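Down below is the structure, laid out as structure tokens.
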Amino acid sequence: MEYSRIRANFERHGFTTQLFSTKEAVCSYLADILQNRTIGFGGSETLRELGLFEVLQEKNVVIWHNKIPGLAVRKLASCADIYITSANAVSETGEIVNIDGTGNRVAMTAFGPQFCYCVIGKNKIAANVSDAYSRCKNVAAPLNARRVGAKTPCAVKGDKCYDCNSPSRICRIISIIERVPLGMKCEIIFVDQELGF
Ligand code: SF4
């Protein structure tokens with residue numbers, strides 16, 4: 001993975017970037033810089049695999065609907081100082097692509113707390129925006145649909161998107177962040193390991 005080129009592309013688009021080789025190093029980095037803050041988490045297997053909630057809640061208030069499900073908790077996270085999430089995919093050319101069912105992550109990464117951190121395992125990196133979108137639809141969404149027990153064709157068959165019209169369709173809002181939104185700061189934290197899906 002040519003991280004130097006990928007990081008340069010994101011930095012050209014206004015993001016700051018970090019690169020770590022292990023998930024433990026990511027947790028240590030964030031635990032050092034985040035203390036006495038209110039932190040909202042996006043729904044994320046990556047964050048769960050990092051064990052980041054447990055690490056950060058020692059010295060912060062962490063709001064995460066994976067721990068207390070419901071829309072109210074998602075709305076509460078919008079009042080946080082900091083937002084931490086992953087993404088369904090990023091492009092080597094420096095864009096973030098996400099698909100949401102409720103839209104909380106799309107909203108929070110575009111018009112959320114002033115500072116957003118986005119933790120990205122190497123499996124989330126696609127060559128360009130088109131490939132990143134395809135990854136969202138044909139890899140991340142079917143696995144997420146299966147994870148939440150959605151009765152969608154992608155969850156049942158598990159191989160690709162069928163562009164369904166199921167009531168439990170999880171693909172309802174798509175965002176492509178091409179540049180850091182005005183008024184926000186966003187850091188991409190690359191981890192040279194497979195994390196989440
Ligand atoms: S549109 Fe439907 S079939 Fe396609 S990934 Fe989303 S939930 Fe699955």
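Letters for chains follow the order of the structure tokens (A, B, ...), residue numbers begin at 1 for each chain, and ligand numbers begin at 1 in the order shown.
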
- [ ] Just the residues within 12 Å of Asn60 of chain A, please, counting only C-alpha atoms, with nothing from its chain fewer than 4 positions along; format it as a PyMOL selection string.
- [x] chain A and resi 30-40+52-56+80-82

Go ahead and write the residues just picked, all heavy atoms, as a tab-separated table (two decimals), in the first residue's frame.
chain	number	residue	atom	x	y	z
A	30	LEU	N	-5.03	7.92	20.39
A	30	LEU	CA	-6.27	8.65	20.70
A	30	LEU	C	-6.46	8.84	22.20
A	30	LEU	O	-6.96	9.88	22.65
A	30	LEU	CB	-7.47	7.91	20.07
A	30	LEU	CG	-7.53	8.03	18.54
A	30	LEU	CD1	-8.61	7.10	17.97
A	30	LEU	CD2	-7.80	9.47	18.10
A	31	ALA	N	-6.03	7.85	22.99
A	31	ALA	CA	-6.15	7.99	24.45
A	31	ALA	C	-5.26	9.13	24.96
A	31	ALA	O	-5.61	9.82	25.92
A	31	ALA	CB	-5.78	6.68	25.13
A	32	ASP	N	-4.12	9.34	24.30
A	32	ASP	CA	-3.22	10.42	24.71
A	32	ASP	C	-3.79	11.80	24.42
A	32	ASP	O	-3.62	12.73	25.20
A	32	ASP	CB	-1.87	10.29	23.98
A	32	ASP	CG	-0.97	9.26	24.64
A	32	ASP	OD1	-1.30	8.80	25.75
A	32	ASP	OD2	0.06	8.92	24.04
A	33	ILE	N	-4.46	11.94	23.26
A	33	ILE	CA	-4.88	13.29	22.85
A	33	ILE	C	-6.32	13.61	23.27
A	33	ILE	O	-6.71	14.77	23.22
A	33	ILE	CB	-4.71	13.50	21.33
A	33	ILE	CG1	-5.54	12.50	20.53
A	33	ILE	CG2	-3.25	13.44	20.93
A	33	ILE	CD1	-5.50	12.76	19.04
A	34	LEU	N	-7.11	12.60	23.66
A	34	LEU	CA	-8.52	12.84	24.00
A	34	LEU	C	-8.77	12.55	25.48
A	34	LEU	O	-8.79	11.38	25.90
A	34	LEU	CB	-9.44	11.98	23.13
A	34	LEU	CG	-9.36	12.25	21.62
A	34	LEU	CD1	-10.28	11.30	20.87
A	34	LEU	CD2	-9.71	13.70	21.30
A	35	GLN	N	-8.93	13.60	26.23
A	35	GLN	CA	-9.23	13.45	27.66
A	35	GLN	C	-10.21	14.54	28.07
A	35	GLN	O	-10.12	15.67	27.61
A	35	GLN	CB	-7.94	13.57	28.48
A	35	GLN	CG	-6.99	12.41	28.20
A	35	GLN	CD	-5.61	12.59	28.79
A	35	GLN	OE1	-5.40	13.44	29.64
A	35	GLN	NE2	-4.66	11.79	28.33
A	36	ASN	N	-11.13	14.18	28.96
A	36	ASN	CA	-12.15	15.12	29.46
A	36	ASN	C	-12.97	15.73	28.33
A	36	ASN	O	-13.29	16.91	28.34
A	36	ASN	CB	-11.48	16.24	30.29
A	36	ASN	CG	-10.67	15.68	31.43
A	36	ASN	OD1	-11.15	14.81	32.16
A	36	ASN	ND2	-9.45	16.15	31.57
A	37	ARG	N	-13.29	14.91	27.34
A	37	ARG	CA	-14.09	15.35	26.21
A	37	ARG	C	-15.39	14.53	26.15
A	37	ARG	O	-15.52	13.47	26.77
A	37	ARG	CB	-13.33	15.16	24.88
A	37	ARG	CG	-11.94	15.73	24.86
A	37	ARG	CD	-11.92	17.24	25.12
A	37	ARG	NE	-12.54	18.00	24.06
A	37	ARG	CZ	-11.88	18.56	23.05
A	37	ARG	NH1	-10.56	18.44	22.97
A	37	ARG	NH2	-12.51	19.26	22.13
A	38	THR	N	-16.35	15.07	25.40
A	38	THR	CA	-17.54	14.28	25.08
A	38	THR	C	-17.36	13.80	23.65
A	38	THR	O	-17.16	14.60	22.73
A	38	THR	CB	-18.81	15.13	25.18
A	38	THR	OG1	-18.87	15.68	26.49
A	38	THR	CG2	-20.05	14.28	24.94
A	39	ILE	N	-17.43	12.48	23.48
A	39	ILE	CA	-17.07	11.88	22.18
A	39	ILE	C	-18.24	11.05	21.67
A	39	ILE	O	-18.76	10.17	22.37
A	39	ILE	CB	-15.82	10.97	22.33
A	39	ILE	CG1	-14.65	11.79	22.89
A	39	ILE	CG2	-15.47	10.34	20.99
A	39	ILE	CD1	-13.45	10.93	23.27
A	40	GLY	N	-18.68	11.32	20.45
A	40	GLY	CA	-19.69	10.50	19.79
A	40	GLY	C	-19.01	9.49	18.88
A	40	GLY	O	-18.03	9.81	18.21
A	52	LEU	N	-12.00	0.60	21.23
A	52	LEU	CA	-11.76	2.01	21.50
A	52	LEU	C	-12.72	2.59	22.53
A	52	LEU	O	-12.35	3.46	23.31
A	52	LEU	CB	-11.83	2.79	20.19
A	52	LEU	CG	-11.29	4.21	20.22
A	52	LEU	CD1	-9.82	4.24	20.63
A	52	LEU	CD2	-11.45	4.86	18.85
A	53	PHE	N	-13.96	2.10	22.53
A	53	PHE	CA	-14.93	2.59	23.51
A	53	PHE	C	-14.39	2.38	24.93
A	53	PHE	O	-14.40	3.29	25.76
A	53	PHE	CB	-16.26	1.86	23.32
A	53	PHE	CG	-17.33	2.26	24.29
A	53	PHE	CD1	-18.18	3.33	24.01
A	53	PHE	CD2	-17.51	1.57	25.50
A	53	PHE	CE1	-19.17	3.71	24.91
A	53	PHE	CE2	-18.49	1.95	26.39
A	53	PHE	CZ	-19.33	3.02	26.10
A	54	GLU	N	-13.91	1.18	25.18
A	54	GLU	CA	-13.43	0.83	26.52
A	54	GLU	C	-12.20	1.68	26.89
A	54	GLU	O	-12.05	2.10	28.04
A	54	GLU	CB	-13.08	-0.66	26.58
A	54	GLU	CG	-14.28	-1.59	26.55
A	54	GLU	CD	-14.97	-1.71	25.16
A	54	GLU	OE1	-14.36	-1.29	24.15
A	54	GLU	OE2	-16.11	-2.20	25.11
A	55	VAL	N	-11.35	1.93	25.91
A	55	VAL	CA	-10.13	2.72	26.18
A	55	VAL	C	-10.49	4.17	26.48
A	55	VAL	O	-10.02	4.75	27.47
A	55	VAL	CB	-9.18	2.65	24.96
A	55	VAL	CG1	-8.04	3.66	25.09
A	55	VAL	CG2	-8.63	1.24	24.80
A	56	LEU	N	-11.34	4.76	25.64
A	56	LEU	CA	-11.60	6.20	25.77
A	56	LEU	C	-12.55	6.54	26.91
A	56	LEU	O	-12.50	7.66	27.45
A	56	LEU	CB	-12.14	6.76	24.45
A	56	LEU	CG	-11.13	6.79	23.30
A	56	LEU	CD1	-11.75	7.43	22.06
A	56	LEU	CD2	-9.85	7.53	23.69
A	80	ALA	N	-21.76	16.02	20.78
A	80	ALA	CA	-20.42	15.76	21.30
A	80	ALA	C	-19.40	16.78	20.79
A	80	ALA	O	-19.64	17.49	19.81
A	80	ALA	CB	-19.99	14.35	20.91
A	81	ASP	N	-18.25	16.84	21.47
A	81	ASP	CA	-17.15	17.71	21.02
A	81	ASP	C	-16.42	17.10	19.83
A	81	ASP	O	-15.87	17.81	19.00
A	81	ASP	CB	-16.08	17.86	22.12
A	81	ASP	CG	-16.64	18.33	23.43
A	81	ASP	OD1	-17.60	19.10	23.41
A	81	ASP	OD2	-16.09	17.93	24.48
A	82	ILE	N	-16.38	15.77	19.85
A	82	ILE	CA	-15.54	15.02	18.92
A	82	ILE	C	-16.39	13.90	18.33
A	82	ILE	O	-17.23	13.32	19.04
A	82	ILE	CB	-14.37	14.33	19.70
A	82	ILE	CG1	-13.58	15.34	20.53
A	82	ILE	CG2	-13.49	13.50	18.77
A	82	ILE	CD1	-12.58	16.12	19.79

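Surrounding segment 65-76 of chain A within 7 Å are Gly43, Ile63, Ser78, Cys79 and Asn104 of chain A, with only C-alpha atoms counted and residues fewer than 2 positions along the same chain left out.
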
Distance filter 8 Å around ligand 1, atoms: only C-alpha atoms and all ligand atoms, out as a PDB file with N, CA, C and O atoms, in the first residue's frame:
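Done, and the output landed in result-v4.pdb:
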ATOM      1  N   CYS A 136     -18.588  -0.062  -1.109  1.00  0.00           N
ATOM      2  CA  CYS A 136     -19.680   0.225  -0.173  1.00  0.00           C
ATOM      3  C   CYS A 136     -20.891  -0.663  -0.467  1.00  0.00           C
ATOM      4  O   CYS A 136     -21.488  -1.254   0.441  1.00  0.00           O
ATOM      5  N   LYS A 137     -21.269  -0.728  -1.740  1.00  0.00           N
ATOM      6  CA  LYS A 137     -22.495  -1.420  -2.118  1.00  0.00           C
ATOM      7  C   LYS A 137     -22.345  -2.943  -2.118  1.00  0.00           C
ATOM      8  O   LYS A 137     -23.280  -3.664  -1.768  1.00  0.00           O
ATOM      9  N   ASN A 138     -21.192  -3.430  -2.546  1.00  0.00           N
ATOM     10  CA  ASN A 138     -21.061  -4.869  -2.796  1.00  0.00           C
ATOM     11  C   ASN A 138     -20.271  -5.629  -1.734  1.00  0.00           C
ATOM     12  O   ASN A 138     -20.232  -6.857  -1.760  1.00  0.00           O
ATOM     13  N   ALA A 140     -19.326  -3.811   1.879  1.00  0.00           N
ATOM     14  CA  ALA A 140     -19.676  -3.325   3.220  1.00  0.00           C
ATOM     15  C   ALA A 140     -21.169  -3.470   3.520  1.00  0.00           C
ATOM     16  O   ALA A 140     -21.547  -3.978   4.582  1.00  0.00           O
ATOM     17  N   ALA A 141     -22.003  -3.019   2.597  1.00  0.00           N
ATOM     18  CA  ALA A 141     -23.448  -3.030   2.886  1.00  0.00           C
ATOM     19  C   ALA A 141     -23.992  -4.456   3.072  1.00  0.00           C
ATOM     20  O   ALA A 141     -24.741  -4.691   4.026  1.00  0.00           O
ATOM     21  N   PRO A 142     -23.669  -5.416   2.194  1.00  0.00           N
ATOM     22  CA  PRO A 142     -24.180  -6.766   2.446  1.00  0.00           C
ATOM     23  C   PRO A 142     -23.730  -7.339   3.802  1.00  0.00           C
ATOM     24  O   PRO A 142     -24.537  -7.971   4.506  1.00  0.00           O
ATOM     25  N   ALA A 145     -25.689  -5.490   6.433  1.00  0.00           N
ATOM     26  CA  ALA A 145     -27.091  -5.938   6.429  1.00  0.00           C
ATOM     27  C   ALA A 145     -27.214  -7.276   7.161  1.00  0.00           C
ATOM     28  O   ALA A 145     -28.146  -7.490   7.949  1.00  0.00           O
ATOM     29  N   ALA A 150     -30.886  -7.658   8.747  1.00  0.00           N
ATOM     30  CA  ALA A 150     -31.839  -7.104   7.771  1.00  0.00           C
ATOM     31  C   ALA A 150     -32.283  -8.201   6.809  1.00  0.00           C
ATOM     32  O   ALA A 150     -31.488  -9.046   6.399  1.00  0.00           O
ATOM     33  N   THR A 152     -32.752  -8.532   3.642  1.00  0.00           N
ATOM     34  CA  THR A 152     -32.476  -8.013   2.302  1.00  0.00           C
ATOM     35  C   THR A 152     -31.810  -9.109   1.474  1.00  0.00           C
ATOM     36  O   THR A 152     -31.176 -10.008   2.036  1.00  0.00           O
ATOM     37  N   PRO A 153     -31.926  -9.049   0.155  1.00  0.00           N
ATOM     38  CA  PRO A 153     -31.306 -10.101  -0.661  1.00  0.00           C
ATOM     39  C   PRO A 153     -29.799 -10.175  -0.476  1.00  0.00           C
ATOM     40  O   PRO A 153     -29.221 -11.268  -0.513  1.00  0.00           O
ATOM     41  N   CYS A 154     -29.164  -9.021  -0.258  1.00  0.00           N
ATOM     42  CA  CYS A 154     -27.702  -9.053  -0.061  1.00  0.00           C
ATOM     43  C   CYS A 154     -27.336  -9.773   1.228  1.00  0.00           C
ATOM     44  O   CYS A 154     -26.311 -10.461   1.290  1.00  0.00           O
ATOM     45  N   ALA A 155     -28.169  -9.632   2.258  1.00  0.00           N
ATOM     46  CA  ALA A 155     -27.888 -10.298   3.525  1.00  0.00           C
ATOM     47  C   ALA A 155     -28.115 -11.798   3.411  1.00  0.00           C
ATOM     48  O   ALA A 155     -27.365 -12.599   3.971  1.00  0.00           O
ATOM     49  N   LYS A 160     -23.411  -9.645  -3.086  1.00  0.00           N
ATOM     50  CA  LYS A 160     -23.361  -8.343  -3.757  1.00  0.00           C
ATOM     51  C   LYS A 160     -24.651  -7.579  -3.454  1.00  0.00           C
ATOM     52  O   LYS A 160     -25.582  -8.120  -2.836  1.00  0.00           O
ATOM     53  N   CYS A 161     -24.691  -6.345  -3.942  1.00  0.00           N
ATOM     54  CA  CYS A 161     -25.911  -5.538  -3.830  1.00  0.00           C
ATOM     55  C   CYS A 161     -26.899  -5.938  -4.918  1.00  0.00           C
ATOM     56  O   CYS A 161     -26.516  -6.131  -6.073  1.00  0.00           O
ATOM     57  N   TYR A 162     -28.179  -6.013  -4.549  1.00  0.00           N
ATOM     58  CA  TYR A 162     -29.241  -6.305  -5.512  1.00  0.00           C
ATOM     59  C   TYR A 162     -30.135  -5.078  -5.732  1.00  0.00           C
ATOM     60  O   TYR A 162     -31.218  -5.207  -6.302  1.00  0.00           O
ATOM     61  N   ASP A 163     -29.666  -3.921  -5.274  1.00  0.00           N
ATOM     62  CA  ASP A 163     -30.425  -2.672  -5.393  1.00  0.00           C
ATOM     63  C   ASP A 163     -31.886  -2.910  -5.011  1.00  0.00           C
ATOM     64  O   ASP A 163     -32.814  -2.584  -5.756  1.00  0.00           O
ATOM     65  N   CYS A 164     -32.051  -3.438  -3.828  1.00  0.00           N
ATOM     66  CA  CYS A 164     -33.383  -3.884  -3.402  1.00  0.00           C
ATOM     67  C   CYS A 164     -34.306  -2.716  -3.059  1.00  0.00           C
ATOM     68  O   CYS A 164     -33.863  -1.575  -2.919  1.00  0.00           O
ATOM     69  N   ASN A 165     -35.569  -3.035  -2.923  1.00  0.00           N
ATOM     70  CA  ASN A 165     -36.531  -2.064  -2.398  1.00  0.00           C
ATOM     71  C   ASN A 165     -37.146  -2.612  -1.115  1.00  0.00           C
ATOM     72  O   ASN A 165     -38.307  -2.367  -0.805  1.00  0.00           O
ATOM     73  N   SER A 166     -36.335  -3.354  -0.394  1.00  0.00           N
ATOM     74  CA  SER A 166     -36.798  -3.963   0.847  1.00  0.00           C
ATOM     75  C   SER A 166     -37.104  -2.892   1.895  1.00  0.00           C
ATOM     76  O   SER A 166     -36.397  -1.880   1.979  1.00  0.00           O
ATOM     77  N   SER A 168     -36.366  -3.104   4.828  1.00  0.00           N
ATOM     78  CA  SER A 168     -35.202  -3.041   5.719  1.00  0.00           C
ATOM     79  C   SER A 168     -33.911  -2.698   4.967  1.00  0.00           C
ATOM     80  O   SER A 168     -32.820  -2.920   5.488  1.00  0.00           O
ATOM     81  N   ARG A 169     -34.071  -2.167   3.751  1.00  0.00           N
ATOM     82  CA  ARG A 169     -32.890  -1.705   3.001  1.00  0.00           C
ATOM     83  C   ARG A 169     -32.051  -0.782   3.874  1.00  0.00           C
ATOM     84  O   ARG A 169     -32.577   0.178   4.454  1.00  0.00           O
ATOM     85  N   ILE A 170     -30.746  -1.073   3.979  1.00  0.00           N
ATOM     86  CA  ILE A 170     -29.881  -0.232   4.817  1.00  0.00           C
ATOM     87  C   ILE A 170     -29.192   0.869   4.024  1.00  0.00           C
ATOM     88  O   ILE A 170     -28.565   1.745   4.615  1.00  0.00           O
ATOM     89  N   CYS A 171     -29.298   0.817   2.697  1.00  0.00           N
ATOM     90  CA  CYS A 171     -28.651   1.838   1.859  1.00  0.00           C
ATOM     91  C   CYS A 171     -29.664   2.931   1.540  1.00  0.00           C
ATOM     92  O   CYS A 171     -30.493   2.773   0.640  1.00  0.00           O
ATOM     93  N   ARG A 172     -29.640   4.018   2.266  1.00  0.00           N
ATOM     94  CA  ARG A 172     -30.639   5.075   2.097  1.00  0.00           C
ATOM     95  C   ARG A 172     -30.013   6.434   1.848  1.00  0.00           C
ATOM     96  O   ARG A 172     -30.639   7.299   1.242  1.00  0.00           O
TER      97      ARG A 172
END

Open item on the list: Among segment 110-159 of chain A, which residues does DSSP mark as strand (DSSP E) when it is run on the backbone? Keep the chain and numbering as in the structure and answer as number ranges by chain.
Closed with: A: 115-121, 125-126

- [ ] Determine which residues of chain A DSSP labels as helix (DSSP H, G or I) from the backbone of this structure, then write them out as a ChimeraX atom specification.
- [x] /A:3-12,23-33,45-50,52-56,71-77,104-111,122-124,129-147,153-157

Task: Test item: residues at most 12 Å from Ile6 of chain A, only C-alpha atoms, excluding those fewer than 6 positions along its chain, as number ranges by chain - done: A: 12-13, 15-19, 90-95, 122, 125-128, 188-190

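Here atom CA of Phe10 of chain A stands at a distance of 8.3 Å from atom CA of Arg179 of chain A.
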
Open item on the list: Taking 4 positions as the minimum chain separation for residues in the same chain, which residues sit within 12 Å of Thr22 of chain A when counting only C-alpha atoms? Answer as a VMD selection string.
Closed with: chain A and resid 26 to 29 49 to 50 119 to 122 189 to 195

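The residue that comes closest to Pro181 of chain A, out of A:Gly14, A:Ala25, A:Ser134, A:Gly51 and on the basis of only C-alpha atoms, is A:Gly14.
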
Open item on the list: If I take atom CA of Lys151 of chain A and atom CA of Glu45 of chain A, how far is one from the other in Å, to one decimal?
Closed with: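 Between atom CA of Lys151 of chain A and atom CA of Glu45 of chain A the gap is 19.8 Å.
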
Task: Distance criterion (only C-alpha atoms): nearest to Asp100 of chain A out of A:Ala87, A:Val180, A:Val61, A:Cys116 - done: A:Ala87

TODO: State, in Å with one decimal place, the distance from atom CA of Gly101 of chain A to atom CA of Leu143 of chain A.
DONE: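 Atom CA of Leu143 of chain A lies 13.6 Å from atom CA of Gly101 of chain A.
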